[in-house]
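Peer 1: Pasting a structure below so you can have a look.
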Amino acid sequence: MQDQYGIDQYVRSIPDFPEPGIIFRDVTSIIQSPEGLKITIDGLLEQLKGVKFDVVLGPESRGFIFGMPVAYALEKGFVPVRKKGKLPCETIEREYELEYGTAVIEMHKDAIRPGDKVVIIDDLIATGGTIEAITKMVESLGGEVVRIQFVMELAGLKGREKLSEYDVNSLLIYDGK
């Protein structure tokens, strides 16, 4: 495990959920703790020092939780990526693979302008499928993903490999799944 900010002490680890042999890393225990939330947001802000970008993008729902305070603190706009059917204006969408099937995410078509430099923030990288779909949507609108920032990473699921062409960073890396 790599944890340069001391975030692991705030992560509740639940063995055998959702199935035997899996350790579920619960991010809600981070945000329920004032100290855990503060060191996590401060860590995200520190990791973005020197990164030139225009907008923060976060997937539903925990990407909202961690992306919004970063966007606010750095005076950037925030773009939500939602499950299909949740956004009111014209959208673009992308299907991605889940462990047992597929899902569709979407974002407003006018959320990213050509040339925008985008930072994607989410709570966890596992297989990388959701974020890979998001990068393709950003690029289809003419944006450039300049950093993908996670709070936690499950290195054993190799999601970073799927995103190897991008600058990917995680505050806390667990070796297993």
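Naming scheme: A, B, ... for chains in displayed order of the structure tokens; residues 1 onward per chain; ligands 1 onward as shown.
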Show me, as JSON lines, the residues of range 63-168 of chain A having an atom within 9 Å of range 21-28 of chain A, each with the closest atom pair and its distance in Å, using only C-alpha atoms.

Peer 2:
```
{"residue": "A:Asp123", "atom": "CA", "partner": "A:Val27", "partner_atom": "CA", "distance": 7.3}
{"residue": "A:Leu124", "atom": "CA", "partner": "A:Val27", "partner_atom": "CA", "distance": 8.6}
{"residue": "A:Val151", "atom": "CA", "partner": "A:Val27", "partner_atom": "CA", "distance": 8.9}
{"residue": "A:Met152", "atom": "CA", "partner": "A:Arg25", "partner_atom": "CA", "distance": 8.7}
```

Peer 1: Please build the interface table for range 47-66 of chain A against range 105-118 of chain A with a cut-off of 8 Å, listing for each qualifying residue the nearest atom pair and the distance in Å to one decimal; count only C-alpha atoms, order rows by chain and increasing number, and write it as JSON lines.

Peer 2:
```
{"residue": "A:Lys52", "atom": "CA", "partner": "A:Lys117", "partner_atom": "CA", "distance": 7.4}
{"residue": "A:Phe53", "atom": "CA", "partner": "A:Lys117", "partner_atom": "CA", "distance": 4.6}
{"residue": "A:Asp54", "atom": "CA", "partner": "A:Lys117", "partner_atom": "CA", "distance": 5.2}
{"residue": "A:Val55", "atom": "CA", "partner": "A:Val118", "partner_atom": "CA", "distance": 5.2}
{"residue": "A:Val56", "atom": "CA", "partner": "A:Val118", "partner_atom": "CA", "distance": 5.9}
{"residue": "A:Leu57", "atom": "CA", "partner": "A:Val118", "partner_atom": "CA", "distance": 6.9}
```

Peer 1: Identify all residues of range 10-137 of chain A in helix (DSSP H, G or I) (DSSP on the backbone) and supply them as an NGL selection string.

Peer 2: :A and (10 or 28-32 or 34-47 or 62-73 or 129-137)

Peer 1: Check the smallest atom-to-atom distance from each of A:Lys177, A:Phe150, A:Pro69, A:Pro59 to Lys84 in chain A using only C-alpha atoms, then report the winner.

Peer 2: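 Among A:Lys177, A:Phe150, A:Pro69, A:Pro59, it is A:Pro59 that comes nearest to Lys84 in chain A.
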
Peer 1: For the atom pair CA of Val70 in chain A and CA of Glu165 in chain A, what is the interatomic distance in Å to one decimal place?

Peer 2: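 Going from CA of Val70 in chain A over to CA of Glu165 in chain A, I get 23.5 Å.
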
Peer 1: May I ask for the distance between CA of Leu163 in chain A and CA of Gly176 in chain A, given in Å to one decimal place?

Peer 2: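 CA of Gly176 in chain A lies 18.1 Å from CA of Leu163 in chain A.
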
Peer 1: Mind checking which residues fall within 12 Å of Ser164 in chain A, counting only C-alpha atoms, ignoring those fewer than 3 positions away in the same chain, and posting them as a list in words?

Peer 2: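 Residues near the query, excluding close chain neighbours: Gly128, Ile131, Glu132, Thr135, Arg147, Ile148, Lys158, Gly159, Arg160, Glu161, Asp167, Val168 and Asn169 of chain A.
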
Peer 1: Using only C-alpha atoms for the distances, tell me which of A:Gly129, A:Gly156, A:Gly6, A:Gly142 is nearest to Gly36 in chain A.

Peer 2: A:Gly6

Peer 1: Identify, on the basis of only C-alpha atoms, every residue whose closest approach to Tyr174 in chain A does not exceed 7 Å; exclude the query and any residue fewer than 6 positions from it along the same chain; express the result as a PyMOL selection string.

Peer 2: chain A and resi 1-2+153-155

Peer 1: Would you save the residues of that selection, restricted to N, CA, C and O atoms, as a PDB file, in the first residue's frame?

Peer 2:
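The resulting file, part29.pdb, is reproduced below:
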```pdb
ATOM      1  N   MET A   1       0.851  -1.188   0.000  1.00  0.00           N
ATOM      2  CA  MET A   1       0.000   0.000   0.000  1.00  0.00           C
ATOM      3  C   MET A   1       0.893   1.247   0.000  1.00  0.00           C
ATOM      4  O   MET A   1       1.893   1.295   0.691  1.00  0.00           O
ATOM      5  N   GLN A   2       0.481   2.228  -0.787  1.00  0.00           N
ATOM      6  CA  GLN A   2       1.135   3.532  -0.817  1.00  0.00           C
ATOM      7  C   GLN A   2       0.116   4.572  -0.345  1.00  0.00           C
ATOM      8  O   GLN A   2      -0.975   4.653  -0.894  1.00  0.00           O
ATOM      9  N   GLU A 153      -6.870   3.787  -5.387  1.00  0.00           N
ATOM     10  CA  GLU A 153      -6.635   2.903  -6.532  1.00  0.00           C
ATOM     11  C   GLU A 153      -6.514   1.466  -6.048  1.00  0.00           C
ATOM     12  O   GLU A 153      -5.808   1.193  -5.076  1.00  0.00           O
ATOM     13  N   LEU A 154      -7.198   0.566  -6.727  1.00  0.00           N
ATOM     14  CA  LEU A 154      -7.054  -0.866  -6.495  1.00  0.00           C
ATOM     15  C   LEU A 154      -6.140  -1.395  -7.586  1.00  0.00           C
ATOM     16  O   LEU A 154      -6.587  -1.767  -8.673  1.00  0.00           O
ATOM     17  N   ALA A 155      -4.835  -1.393  -7.317  1.00  0.00           N
ATOM     18  CA  ALA A 155      -3.832  -1.685  -8.344  1.00  0.00           C
ATOM     19  C   ALA A 155      -3.988  -3.084  -8.937  1.00  0.00           C
ATOM     20  O   ALA A 155      -3.676  -3.306 -10.109  1.00  0.00           O
TER      21      ALA A 155
END
```

Peer 1: Find, counting only C-alpha atoms, the residue in A:Tyr96, A:Met68, A:Tyr5, A:Ser13 that gets nearest to Asp42 in chain A.

Peer 2: A:Tyr5

Peer 1: Enumerate the residues of range 32-151 of chain A with a DSSP assignment of strand (DSSP E), computed from the backbone, and present them as number ranges by chain.

Peer 2: A: 55-59, 77-83, 91-98, 101-108, 117-125, 144-151

Peer 1: Give me, as a list of chain:residue names, all polymer residues having an atom no more than 6 Å from Ile121 in chain A, counting only C-alpha atoms and skipping those fewer than 3 positions away in the same chain.

Peer 2: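 Using only C-alpha atoms, the neighbours found are A:Gly58, A:Gly63, A:Gly67, A:Gln149, A:Phe150.
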
Peer 1: Go through A:Glu95, A:Glu46, A:Gln9, A:Asp3 one by one, measure the shortest atom-to-atom distance of each to Asp175 in chain A using only C-alpha atoms, and give the residue with the smallest value.

Peer 2: A:Asp3

Peer 1: Hey, which of A:Val146, A:Val11, A:Leu45, A:Ile173 ends up closest to Phe66 in chain A? Count only C-alpha atoms.

Peer 2: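 Distance minimum relative to Phe66 in chain A lands on A:Leu45.
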
Peer 1: Kindly give the distance, in Å, that separates CA of Ile31 in chain A and CA of Val119 in chain A, rounded to a single decimal.

Peer 2: 21.0 Å

Peer 1: Check the smallest atom-to-atom distance from each of A:Glu75, A:Glu93, A:Asp122, A:Glu144 to Tyr166 in chain A using only C-alpha atoms, then report the winner.

Peer 2: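 With only C-alpha atoms as the atom set, the closest residue is A:Glu144.
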